[in-house]
file final33.txt (compact mmCIF, C-alpha atoms)
# COMPACT_ATOMS: atom_id res chain seq x y z
CA MET Y 26 90.86 107.28 110.25
CA ALA Y 27 88.88 104.23 109.15
CA ASN Y 28 88.72 100.44 109.43
CA ILE Y 29 87.88 97.65 106.99
CA ASN Y 30 84.13 98.23 107.27
CA ASP Y 31 84.60 101.89 106.42
CA TYR Y 32 86.70 100.83 103.43
CA LEU Y 33 83.81 98.72 102.13
CA ILE Y 34 81.42 101.65 102.45
CA TRP Y 35 83.77 104.17 100.83
CA ARG Y 36 85.50 102.10 98.17
CA GLY Y 37 83.36 98.99 97.80
CA ASP Y 38 81.88 100.28 94.56
CA LEU Y 39 85.25 99.95 92.80
CA LYS Y 40 85.44 96.65 90.94
CA ILE Y 41 88.76 94.82 91.02
CA ASP Y 42 90.48 95.66 87.75
CA ASN Y 43 93.79 96.99 86.42
CA GLU Y 44 93.00 100.47 87.71
CA HIS Y 45 91.90 99.22 91.13
CA PRO Y 46 93.79 95.94 91.69
CA PHE Y 47 93.44 93.60 94.64
CA ASN Y 48 95.19 95.26 97.58
CA GLU Y 49 96.30 94.83 101.20
CA ILE Y 50 92.90 95.80 102.62
CA ASP Y 51 91.08 93.38 100.32
CA SER Y 52 93.32 90.65 101.71
CA MET Y 53 92.63 91.74 105.28
CA ILE Y 54 88.89 91.53 104.61
CA LEU Y 55 89.05 88.05 103.08
CA ALA Y 56 91.28 86.82 105.90
CA ARG Y 57 88.52 87.93 108.26
CA PHE Y 58 85.83 86.32 106.10
CA SER Y 59 86.56 82.84 107.50
CA TYR Y 60 85.32 83.91 110.96
CA LEU Y 61 81.74 84.26 109.74
CA ILE Y 62 79.08 81.87 111.05
CA PHE Y 63 78.64 79.68 107.98
CA ASP Y 64 77.26 76.84 110.12
CA ARG Y 65 74.20 78.99 110.83
CA ILE Y 66 73.08 79.22 107.18
CA GLN Y 67 72.34 76.85 104.31
CA LEU Y 68 75.77 77.24 102.76
CA LYS Y 69 76.26 75.53 99.42
CA ASN Y 70 79.31 75.26 97.22
CA ASN Y 71 79.59 77.98 94.57
CA MET Y 72 77.46 80.53 96.41
CA LYS Y 73 78.03 84.22 95.82
CA ILE Y 74 79.00 86.43 98.73
CA GLU Y 75 75.80 88.39 98.11
CA GLU Y 76 73.72 85.24 98.71
CA ILE Y 77 75.61 84.49 101.91
CA SER Y 78 75.04 88.06 103.08
CA ASN Y 79 71.31 87.75 102.42
CA GLN Y 80 71.10 84.55 104.47
CA MET Y 81 73.05 86.02 107.38
CA SER Y 82 71.15 89.32 107.47
CA PRO Y 83 68.33 88.10 109.80
CA ILE Y 84 70.81 86.70 112.35
CA PRO Y 85 71.21 88.97 115.42
CA ASN Y 86 74.54 90.72 115.91
CA GLU Y 87 75.12 88.93 119.24
CA ASP Y 88 75.07 85.54 117.47
CA PHE Y 89 78.12 86.39 115.39
CA ASN Y 90 81.52 85.39 116.77
CA TYR Y 91 82.85 88.92 117.13
CA ASN Y 92 81.55 92.46 117.06
CA GLY Y 93 81.95 93.87 113.56
CA ASP Y 94 81.37 90.58 111.73
CA LYS Y 95 77.68 91.20 111.01
CA GLN Y 96 78.48 94.64 109.62
CA LEU Y 97 81.26 93.09 107.53
CA ILE Y 98 79.06 90.53 105.77
CA SER Y 99 76.33 93.13 105.30
CA ASN Y 100 78.80 95.51 103.65
CA LEU Y 101 80.30 92.73 101.54
CA GLY Y 102 76.88 91.77 100.21
CA LYS Y 103 76.29 95.33 99.02
CA SER Y 104 79.80 95.83 97.64
CA GLU Y 105 80.32 95.76 93.89
CA ARG Y 106 83.91 94.77 94.63
CA PHE Y 107 83.05 91.58 96.53
CA LYS Y 108 79.40 90.58 96.18
CA ASP Y 109 79.81 88.45 93.03
CA MET Y 110 82.82 86.50 94.30
CA ILE Y 111 82.11 82.77 94.52
CA VAL Y 112 82.69 80.89 97.79
CA THR Y 113 83.64 77.20 97.89
CA ASN Y 114 85.29 74.44 99.92
CA PHE Y 115 84.10 75.38 103.40
CA VAL Y 116 85.58 73.07 106.04
CA GLN Y 117 85.03 73.18 109.80
CA ASN Y 118 86.52 70.55 112.07
CA ALA Y 119 86.94 70.45 115.83
CA ASP Y 120 88.18 67.56 117.93
CA THR Y 121 88.48 67.61 121.71
CA GLU Y 122 90.76 64.58 121.93
CA SER Y 123 93.42 66.01 119.62
CA GLU Y 124 92.74 69.58 120.84
CA LYS Y 125 92.08 70.72 117.26
CA GLN Y 126 90.04 73.66 116.00
CA PHE Y 127 90.21 74.21 112.26
CA SER Y 128 88.14 76.04 109.69
CA ALA Y 129 88.89 77.33 106.20
CA ILE Y 130 87.07 78.63 103.16
CA THR Y 131 88.00 79.61 99.61
CA ILE Y 132 86.88 82.79 97.87
CA HIS Y 133 87.26 83.03 94.10
CA ILE Y 134 88.39 86.54 93.23
CA SER Y 135 88.28 85.88 89.49
CA TYR Y 136 88.51 83.05 86.98
CA SER Y 137 92.29 82.89 87.43
CA GLU Y 138 92.74 83.80 91.11
CA MET Y 139 91.45 82.53 94.46
CA TYR Y 140 91.93 83.35 98.13
CA ILE Y 141 92.26 80.68 100.83
CA SER Y 142 91.17 82.06 104.19
CA TYR Y 143 92.06 80.23 107.41
CA GLU Y 144 90.00 81.00 110.51
CA GLY Y 145 91.86 81.98 113.66
CA THR Y 146 91.11 80.95 117.20
CA ASP Y 147 87.41 80.75 117.97
CA LYS Y 148 85.83 80.93 121.44
CA THR Y 149 86.15 77.21 122.21
CA ILE Y 150 88.55 75.71 124.75
CA ASN Y 151 89.96 73.54 121.93
CA GLY Y 152 90.89 76.62 119.96
CA TRP Y 153 92.78 78.32 122.78
CA LYS Y 154 94.44 75.11 123.93
CA GLU Y 155 95.76 74.48 120.43
CA ASP Y 156 97.23 78.00 120.43
CA PHE Y 157 99.17 77.24 123.60
CA ASN Y 158 100.30 73.92 122.13
CA LEU Y 159 102.27 75.87 119.52
CA SER Y 160 104.87 76.56 122.21
CA PHE Y 161 105.95 72.92 122.54
CA MET Y 162 104.57 70.90 119.61
CA LYS Y 163 106.38 70.66 116.27
CA ASN Y 164 103.05 70.62 114.46
CA VAL Y 165 99.57 71.27 115.83
CA PRO Y 166 96.60 69.53 114.14
CA ALA Y 167 95.26 72.75 112.57
CA GLN Y 168 98.58 73.31 110.77
CA LEU Y 169 98.56 69.80 109.32
CA GLU Y 170 94.93 70.09 108.24
CA GLY Y 171 95.64 73.52 106.78
CA LEU Y 172 98.41 72.03 104.68
CA GLU Y 173 96.14 69.27 103.36
CA TYR Y 174 93.41 71.82 102.66
CA LEU Y 175 95.79 73.93 100.56
CA LYS Y 176 96.98 70.88 98.63
CA SER Y 177 93.41 69.77 97.95
CA VAL Y 178 92.06 73.16 96.82
CA ALA Y 179 95.18 73.85 94.73
CA SER Y 180 94.67 70.51 92.98
CA GLU Y 181 90.94 71.06 92.42
CA TYR Y 182 91.55 74.49 90.86
CA SER Y 183 94.89 73.77 89.22
CA TYR Y 184 94.45 76.63 86.72
CA LYS Y 185 94.29 79.32 89.41
CA ASN Y 186 96.90 81.37 91.20
CA ILE Y 187 96.55 81.52 94.96
CA ARG Y 188 96.42 84.13 97.68
CA ILE Y 189 96.41 82.95 101.30
CA GLY Y 190 95.58 84.75 104.51
CA GLY Y 191 94.49 84.38 108.09
CA HIS Y 192 94.12 86.28 111.34
CA SER Y 193 95.57 85.08 114.67
CA LYS Y 194 96.18 81.32 114.57
CA GLY Y 195 94.75 81.39 111.04
CA GLY Y 196 97.75 83.48 109.99
CA ASN Y 197 100.10 80.93 111.51
CA VAL Y 198 98.31 78.14 109.62
CA ALA Y 199 98.50 80.20 106.41
CA ILE Y 200 102.27 80.51 106.66
CA TYR Y 201 102.80 76.89 107.71
CA SER Y 202 100.72 75.62 104.79
CA ALA Y 203 102.46 77.84 102.25
CA VAL Y 204 106.00 76.94 103.30
CA SER Y 205 105.18 73.22 103.49
CA VAL Y 206 103.46 72.55 100.16
CA PRO Y 207 105.38 71.24 97.15
CA GLU Y 208 107.24 73.79 95.07
CA ASP Y 209 104.84 73.57 92.13
CA ILE Y 210 102.05 74.93 94.36
CA GLN Y 211 104.36 77.51 95.95
CA ASN Y 212 105.07 78.85 92.46
CA ARG Y 213 101.34 79.59 92.04
CA ILE Y 214 101.11 81.49 95.33
CA ILE Y 215 100.94 85.26 94.88
CA SER Y 216 101.03 86.29 98.53
CA VAL Y 217 100.58 85.01 102.09
CA ASP Y 218 99.27 87.47 104.69
CA ASN Y 219 99.42 86.78 108.41
CA TYR Y 220 97.45 89.17 110.60
CA ASP Y 221 98.86 89.09 114.14
CA GLY Y 222 99.35 85.33 114.11
CA PRO Y 223 102.06 83.58 116.17
CA GLY Y 224 105.37 82.54 114.68
CA PHE Y 225 107.14 79.19 114.78
CA ASP Y 226 109.84 77.19 116.47
CA GLU Y 227 113.34 78.32 115.47
CA ASN Y 228 113.99 74.98 113.73
CA LEU Y 229 111.04 75.41 111.38
CA VAL Y 230 111.97 79.04 110.72
CA SER Y 231 115.49 77.97 109.75
CA GLU Y 232 113.99 75.46 107.31
CA TYR Y 233 111.86 77.96 105.40
CA LYS Y 234 113.68 81.28 105.72
CA ASN Y 235 115.89 80.66 102.69
CA LYS Y 236 113.08 79.39 100.45
CA ASN Y 237 111.71 81.67 97.73
CA ILE Y 238 108.25 81.47 99.31
CA VAL Y 239 109.40 83.59 102.27
CA ASN Y 240 109.54 86.64 99.99
CA LYS Y 241 105.80 86.29 99.39
CA ILE Y 242 104.89 86.34 103.10
CA THR Y 243 103.99 89.41 105.15
CA THR Y 244 103.06 89.51 108.82
CA TYR Y 245 101.03 92.48 110.05
CA ILE Y 246 101.00 93.28 113.76
CA PRO Y 247 99.53 96.18 115.79
CA GLN Y 248 101.85 98.38 117.82
CA ASP Y 249 101.07 96.65 121.16
CA SER Y 250 101.15 93.18 119.60
CA ILE Y 251 101.49 90.22 121.96
CA ILE Y 252 100.08 87.23 120.07
CA GLY Y 253 101.73 88.07 116.74
CA ARG Y 254 105.18 88.24 118.34
CA ILE Y 255 105.04 84.86 120.07
CA LEU Y 256 107.77 82.51 118.79
CA TYR Y 257 109.87 83.39 115.74
CA HIS Y 258 109.33 84.95 112.29
CA ALA Y 259 111.58 85.05 109.21
CA GLU Y 260 109.23 86.96 106.91
CA LYS Y 261 108.70 90.69 106.41
CA GLN Y 262 106.73 92.36 109.23
CA LEU Y 263 104.71 95.59 109.20
CA VAL Y 264 103.38 97.41 112.27
CA VAL Y 265 99.79 98.66 111.82
CA TYR Y 266 98.20 101.39 113.91
CA SER Y 267 95.35 100.23 116.17
CA VAL Y 268 93.06 102.56 118.11
CA GLU Y 269 92.72 100.02 120.94
CA LYS Y 270 95.17 99.31 123.78
CA GLY Y 271 97.14 96.23 124.77
CA ILE Y 272 95.68 92.81 123.95
CA TYR Y 273 92.53 94.46 122.52
CA GLN Y 274 94.62 95.51 119.53
CA HIS Y 275 94.36 91.92 118.35
CA ASP Y 276 90.89 92.92 117.09
CA ILE Y 277 91.40 93.52 113.37
CA TYR Y 278 88.48 95.96 113.31
CA SER Y 279 90.59 98.34 115.42
CA TRP Y 280 93.30 98.50 112.75
CA GLN Y 281 93.35 101.77 110.84
CA ILE Y 282 93.58 102.29 107.09
CA ILE Y 283 93.96 105.14 104.61
CA ARG Y 284 92.40 104.57 101.20
CA ASN Y 285 93.61 101.08 100.24
CA ARG Y 286 96.53 100.65 102.65
CA PRO Y 287 96.94 100.13 106.39
CA VAL Y 288 98.38 102.94 108.50
CA VAL Y 289 101.93 101.68 109.06
CA LEU Y 290 104.08 102.70 112.05
CA ASP Y 291 107.85 102.67 112.40
CA SER Y 292 107.98 100.25 115.32
CA THR Y 293 106.12 98.37 118.01
CA SER Y 294 105.46 99.97 121.40
CA ASN Y 295 107.58 99.67 124.55
CA VAL Y 296 104.79 97.59 126.10
CA SER Y 297 104.92 95.09 123.24
CA ASP Y 298 108.73 94.98 123.32
CA LYS Y 299 108.87 94.29 127.07
CA ILE Y 300 106.27 91.51 126.93
CA ASN Y 301 107.92 89.98 123.87
CA LYS Y 302 111.32 89.98 125.59
CA THR Y 303 109.86 88.20 128.62
CA VAL Y 304 108.08 85.60 126.51
CA GLN Y 305 111.12 84.91 124.32
CA GLU Y 306 113.35 84.49 127.39
CA TRP Y 307 110.85 82.03 128.86
CA LEU Y 308 110.79 80.04 125.62
CA LYS Y 309 114.59 80.04 125.45
CA ASN Y 310 115.00 78.86 129.05
CA THR Y 311 112.37 76.13 129.08
CA THR Y 312 112.13 72.78 127.33
CA ALA Y 313 109.16 71.59 125.30
CA ASP Y 314 108.23 69.20 128.15
CA GLN Y 315 108.29 72.03 130.68
CA ARG Y 316 106.02 74.16 128.47
CA LYS Y 317 103.62 71.24 128.06
CA ILE Y 318 103.34 70.85 131.83
CA PHE Y 319 102.69 74.60 132.15
CA VAL Y 320 99.97 74.53 129.50
CA ASP Y 321 98.31 71.39 130.89

call {"tool": "encode", "arguments": {"input": "final33.txt", "output": "C-alpha cells"}}
result
Amino acid sequence: MANINDYLIWRGDLKIDNEHPFNEIDSMILARFSYLIFDRIQLKNNMKIEEISNQMSPIPNEDFNYNGDKQLISNLGKSERFKDMIVTNFVQNADTESEKQFSAITIHISYSEMYISYEGTDKTINGWKEDFNLSFMKNVPAQLEGLEYLKSVASEYSYKNIRIGGHSKGGNVAIYSAVSVPEDIQNRIISVDNYDGPGFDENLVSEYKNKNIVNKITTYIPQDSIIGRILYHAEKQLVVYSVEKGIYQHDIYSWQIIRNRPVVLDSTSNVSDKINKTVQEWLKNTTADQRKIFVD
C-alpha cells in the first residue's frame, strides 16, 4: 500500500499528457497543497512549485502545519509531473470577530487548465469555531469568500477550464463555491473534489442537487469518517481505505492508493455509521438557535 507521498516518488516522473492524464491522486495532492506554510516564504505570483519547494526546504518539519507536509513539498519540487506548475492568487484571511478562517491558492496545471485549492481547518480557534458554525448558519464567512475567490480567479483566467478541490472544511468550501457561481463558470468546471469535508443544510442540498454541476462533484471519505458525514450530501461519494483508526482517518496522508487511484471500499464502518446516525438525529431534533447555544 502507499499514500500520496509514495505516489510522487514512484510516479512523479510521468508528465501529465494524453498517456498519463491528470487523475484522482493528482487532485488529492493539489487539494492538500493549500495547507502549506506560504506565509513563511517570499511567495510571489507566478512562482513555480519547484521554487516554492526550494524556499521551504530549510524550514524544520515541526514548523509545518501537519506531519507529511514537508515531505509533500519536497517531493513536489523534485517531481517532473508537478515542479513546473505555476502558482498564483494566494489568499489568506482570518478574522476573530466574524470567526472566519480562509485560505486558497491556484495552481496552473497547463495553459488551458487550473486547479483552485481551498485550505481546510487550520489549528486556530477561528478555524474550528467556523466548522461548528456550519451546523446552524446558512453561510459561514469562508464559504462566501470562497465563492468570491472562484469568481475572481475564473474571471482573471477566463480562457481556462477549472478543477476545484479541498480537504476538510476546504472541501465544503469547494462544493459551496462551485454550486453557487453563475452557470457560465460552472460550464468551465471539470471536477470538484471534496476530501472528507462536511456537507450542507438540507435546504441548500435541495437547491443544488438537480443542477448539472452536481454530476461533477465527488466526495471522498475514509471508512471511519466522522467529519465528512456531518450534515447532508447530494453528490457521489466514495469510501477510501485509511490505515488509521477513528478520527485519525481524517489525515489524508493515511489514505491508501494503488497506482493512480485510491483504494476504494464498499462501505463505511459500523463505527462511522453509528456516530453519523447520532449526529444526524441531533441535527434533526434541534433548531439552529439550539445548536448555536451549544457551540457557543

call {"tool": "residues_around", "arguments": {"input": "final33.txt", "residues": "region 182-186 of chain Y", "least_positions_apart": "3", "cutoff": "9 Å", "atoms": "all atoms listed in the file", "output": "list in words"}}
result
Ser135, Tyr136, Ser137, Glu138, Met139, Tyr140, Ser177, Val178, Ala179, Ile210, Asn212, Arg213, Ile214 and Ile215 of chain Y

call {"tool": "residues_around", "arguments": {"input": "final33.txt", "residues": "Leu33 (chain Y)", "least_positions_apart": "2", "cutoff": "9 Å", "atoms": "only C-alpha atoms", "output": "CSV table (one decimal) with C-alpha atoms, in the coordinates of the input"}}
result
chain,number,residue,atom,x,y,z
Y,28,ASN,CA,88.7,100.4,109.4
Y,29,ILE,CA,87.9,97.6,107.0
Y,30,ASN,CA,84.1,98.2,107.3
Y,31,ASP,CA,84.6,101.9,106.4
Y,35,TRP,CA,83.8,104.2,100.8
Y,36,ARG,CA,85.5,102.1,98.2
Y,37,GLY,CA,83.4,99.0,97.8
Y,38,ASP,CA,81.9,100.3,94.6
Y,97,LEU,CA,81.3,93.1,107.5
Y,100,ASN,CA,78.8,95.5,103.6
Y,101,LEU,CA,80.3,92.7,101.5
Y,103,LYS,CA,76.3,95.3,99.0
Y,104,SER,CA,79.8,95.8,97.6
Y,106,ARG,CA,83.9,94.8,94.6

call {"tool": "atom_distance", "arguments": {"input": "final33.txt", "atom1": "CA of Leu256 (chain Y)", "atom2": "CA of Tyr273 (chain Y)"}}
result
19.7 Å

call {"tool": "residues_near_point", "arguments": {"input": "final33.txt", "point": "(101.4, 99.1, 102.1)", "cutoff": "12 Å", "atoms": "only C-alpha atoms", "output": "PyMOL selection string"}}
result
chain Y and resi 48-53+243-245+261-265+282-290

call {"tool": "residues_around", "arguments": {"input": "final33.txt", "residues": "Phe63 (chain Y)", "least_positions_apart": "5", "cutoff": "9 Å", "atoms": "all atoms listed in the file", "output": "ChimeraX atom specification"}}
result
/Y:68,77,81,115

call {"tool": "axis_aligned_box", "arguments": {"input": "final33.txt", "around": "region 228-241 of chain Y", "padding_each_side": "4 Å", "output": "AutoDock Vina command-line options"}}
result
--center_x 110.8 --center_y 80.8 --center_z 105.7 --size_x 18.1 --size_y 19.7 --size_z 24.0

call {"tool": "residues_around", "arguments": {"input": "final33.txt", "residues": "Ile66 (chain Y)", "least_positions_apart": "4", "cutoff": "10 Å", "atoms": "all atoms listed in the file", "output": "JSON, numbers by chain"}}
result
{"Y": [62, 77, 78, 79, 80, 81, 84]}

call {"tool": "residues_around", "arguments": {"input": "final33.txt", "residues": "Pro85 (chain Y)", "least_positions_apart": "5", "cutoff": "12 Å", "atoms": "all atoms listed in the file", "output": "ChimeraX atom specification"}}
result
/Y:62,65,80,90-96
